[in-house]
Amino acid sequence: MAGAIIENMSTKKLVIVGVTLLLFQALAFMVGGLIAPGPTSAIEYLATKCVDGIKHRQESKWLMPWGPQQCEKLQNFEEAMAKRIEANNIVFAVHIPMPGNEMSPWFQFILVILQLDIMFKMNNQIEEGAVVTIDVSLAYRDDLFSEWTEMAHSFEHRNLNCNFTAAKTIENEGRQYDCDALPFMEVGSVAHKYYLINIRLPVNERKKINIGIGEIRDIRLVGIHQNGGFTKVWFAMKTFLTPSILIIMIWYWRRITLMTRPPVLLEKVIFALGISMTFINIPVEWFSVGFNWTWMLLFGDIRQGIFYSMLLSFWIIFCGEHLMDQSERNRFSVYWKQVGPIVFGSFCLFIFDMCERGVQLTNPFYSIWASDIGTELAMSFIIVAGICACLYFLFLCFMVFQVFRNISGKRTSLPAMSKARRLHYEGLIFRFKFLMLVSLLILDVLVLMICFVCVGDGGATSGEDIQLTTTITHADGPTEIYKMTGKEAQE
């Protein structure tokens with residue numbers, strides 16, 4: 001088949017291209033390891049127990065845990081009982097960041113995990129299927145003296161999953177339950193310097209609200225954000241690589257159009273892969289530094305999904321177009337059985353992402369994992385996508401097996417050729433087999449990585465999108481070689 005394929009490059013050019021790409025890969029790893037800091041930071045906040053200001057005639061409804069306008073604090077609930085302060089009048093206040101620090105747009109996002117410290121009491125145990133109801137508000141401001149501006153307010157429900165390892169006896173009262181961390185909040189941009197979270201746990205015995213949830217002593221929040229230094233290095237690398245990929249893509253397509261024949265399917269797919277790679281690498285994140293674009297996380301997921309789909313489709317079509325006995329080449333419709341699972345799996349993950357981060361655009365406290373129905377729905381999408389990924393991998397392995405079998409059949413005609421011609425074709429066959437095995441290895445790592453990240457979305461995630469994007473950039477080396485070596489096959 002005539003096409004732009006690496007097995008038709010001269011050995012000299014192949015070595016030059018391979019060494020160049022390896023040097024770029026090594027440089028990228030060195031920049032990430034020696035210059036850039038860690039991708040994310042996690043900071044634990046202990047909520048301050050405040051007395052509800054409105055109930056006690058204070059002017060501001062926002063309760064600050066520290067500073068000149070700090071709230072009336074409670075050391076523990078025994079003090080509240082001594083002062084006859086009801087549970088509905090207690091607010092847990094958390095200021096992000098810690099005193100003396102500021103948040104920055106370079107942090108890109110804020111992910112917050114909720115951890116409840118619940119003590120065992122014989123007369124107040126956690127019931128089976130307990131659900132905690134949270135009345136939570138989020139506010140922001142850009143200096144230490146202005147008024148707080150409400151950003152979001154919501155009533156949320158979280159299922160408690162706690163274990164008590166000791167015997168439930170009166171001697172063990174006061175010991176702490178071992179409770180799972182709960183998803184709490186995700187904000188897709190950090191456009192302000194200071195954030196304030198006020199959490200209330202309303203109690204209503206008649207409606208069974210926050211009844212049977214044990215004795216909550218403290219609330220801890222773990223705030224996760226992207227490091228500013230990492231963001232700057234990441235943006236700089238994307239800004240440098242995007243023009244390079246764009247120039248290579250334009251040069252490649254220009255060489256294809258200069259040929260006397262029209263472009264074949266494989267060449268079109270390589271060009272489409274280059275477009276998707278350019279799309280995912282365009283550093284639009286620079287705008288998030290100056291604009292409050294909370295949808296950037298969702299947009300990044302969509303870009304990654306398009307690139308994954310295109311990369312997986314490329315491997316299928318690449319193998320199919322090199323099946324020497326296949327009669328219907330150069331037709332995209334031939335691959336509908338293999339590309340179908342890719343499209344369907346990507347659509348399932350897109351629906352899952354819209355149900356999570358799409359809703360978080362208006363309510364940052366929402367989590368699809370907060371309810372049993374939402375958890376089952378999310379796991380259904382992920383399981384279906386995983387099944388599609390497995391089917392795709394089996395399809396590709398079968399096609400590679402067919403290619404190898406056809407190549408083995410063609411090798412029987414090599415002894416009849418002259419020595420120079422035989423060595424030439426043996427070299428091409430070796431290169432092709434080597435490239436196929438490397439592609440399968442990369443695909444295996446890629447599919448496993450996507451599955452791990454999807455499962456990781458079910459709870460406390462910590463910047464996996466950044467790590468995934470970096471890894472994907474390292475996984476597309478073979479496709480870059482194909483775009484860089486647009487050359488017509490010589491028979």
# chains A, B, ... in the order shown; residues from 1 in each chain; ligands from 1
call {"tool": "select_by_dssp", "arguments": {"residues": "segment 74-316 of chain A", "states": "strand (DSSP E)", "output": "PyMOL selection string"}}
result
chain A and resi 74+90-96+110-119+131-141+149-159+162-163+178-179+182-187+194-200+215-226
call {"tool": "select_by_dssp", "arguments": {"residues": "segment 384-426 of chain A", "states": "alpha helix (DSSP H)", "output": "PDB file with C-alpha atoms, in the first residue's frame"}}
result
ATOM      1  CA  VAL A 384     -19.674  -0.048  30.164  1.00  0.00           C
ATOM      2  CA  ALA A 385     -16.724   2.110  29.098  1.00  0.00           C
ATOM      3  CA  GLY A 386     -14.337  -0.481  30.552  1.00  0.00           C
ATOM      4  CA  ILE A 387     -16.067  -3.281  28.635  1.00  0.00           C
ATOM      5  CA  CYS A 388     -15.757  -1.236  25.441  1.00  0.00           C
ATOM      6  CA  ALA A 389     -12.050  -0.719  26.146  1.00  0.00           C
ATOM      7  CA  CYS A 390     -11.541  -4.470  26.610  1.00  0.00           C
ATOM      8  CA  LEU A 391     -13.426  -5.239  23.399  1.00  0.00           C
ATOM      9  CA  TYR A 392     -11.293  -2.688  21.585  1.00  0.00           C
ATOM     10  CA  PHE A 393      -8.086  -4.233  22.901  1.00  0.00           C
ATOM     11  CA  LEU A 394      -9.219  -7.714  21.798  1.00  0.00           C
ATOM     12  CA  PHE A 395     -10.143  -6.368  18.344  1.00  0.00           C
ATOM     13  CA  LEU A 396      -6.734  -4.763  17.954  1.00  0.00           C
ATOM     14  CA  CYS A 397      -4.857  -7.866  19.160  1.00  0.00           C
ATOM     15  CA  PHE A 398      -6.794  -9.964  16.639  1.00  0.00           C
ATOM     16  CA  MET A 399      -5.925  -7.552  13.825  1.00  0.00           C
ATOM     17  CA  VAL A 400      -2.242  -7.526  14.804  1.00  0.00           C
ATOM     18  CA  PHE A 401      -2.319 -11.335  14.808  1.00  0.00           C
ATOM     19  CA  GLN A 402      -3.773 -11.280  11.302  1.00  0.00           C
ATOM     20  CA  VAL A 403      -1.099  -8.861  10.140  1.00  0.00           C
ATOM     21  CA  PHE A 404       1.688 -11.039  11.576  1.00  0.00           C
ATOM     22  CA  ARG A 405       0.169 -14.139  10.010  1.00  0.00           C
ATOM     23  CA  ASN A 406       0.013 -12.464   6.606  1.00  0.00           C
ATOM     24  CA  ILE A 407       3.595 -11.258   6.944  1.00  0.00           C
ATOM     25  CA  SER A 408       4.738 -14.780   7.827  1.00  0.00           C
ATOM     26  CA  GLY A 409       3.023 -16.059   4.696  1.00  0.00           C
ATOM     27  CA  LYS A 410       4.768 -13.490   2.537  1.00  0.00           C
ATOM     28  CA  LYS A 419      20.273 -10.782  -1.526  1.00  0.00           C
ATOM     29  CA  ALA A 420      19.966  -6.978  -1.516  1.00  0.00           C
ATOM     30  CA  ARG A 421      16.220  -7.059  -2.131  1.00  0.00           C
ATOM     31  CA  ARG A 422      15.716  -9.805   0.467  1.00  0.00           C
ATOM     32  CA  LEU A 423      17.645  -7.858   3.123  1.00  0.00           C
ATOM     33  CA  HIS A 424      15.612  -4.754   2.281  1.00  0.00           C
ATOM     34  CA  TYR A 425      12.277  -6.505   2.821  1.00  0.00           C
ATOM     35  CA  GLU A 426      13.484  -8.345   5.908  1.00  0.00           C
TER      36      GLU A 426
END
call {"tool": "atom_distance", "arguments": {"atom1": "atom CA of His153 of chain A", "atom2": "atom CA of Val51 of chain A"}}
result
19.0 Å
call {"tool": "atom_distance", "arguments": {"atom1": "atom CA of Glu79 of chain A", "atom2": "atom CA of Glu171 of chain A"}}
result
23.2 Å
call {"tool": "closest_residue", "arguments": {"among": "A:Gly358, A:Met237, A:Phe291, A:Ile317", "to": "Leu27 of chain A", "atoms": "only C-alpha atoms"}}
result
A:Met237
call {"tool": "atom_distance", "arguments": {"atom1": "atom CA of Ile382 of chain A", "atom2": "atom CA of Gly345 of chain A"}}
result
8.5 Å
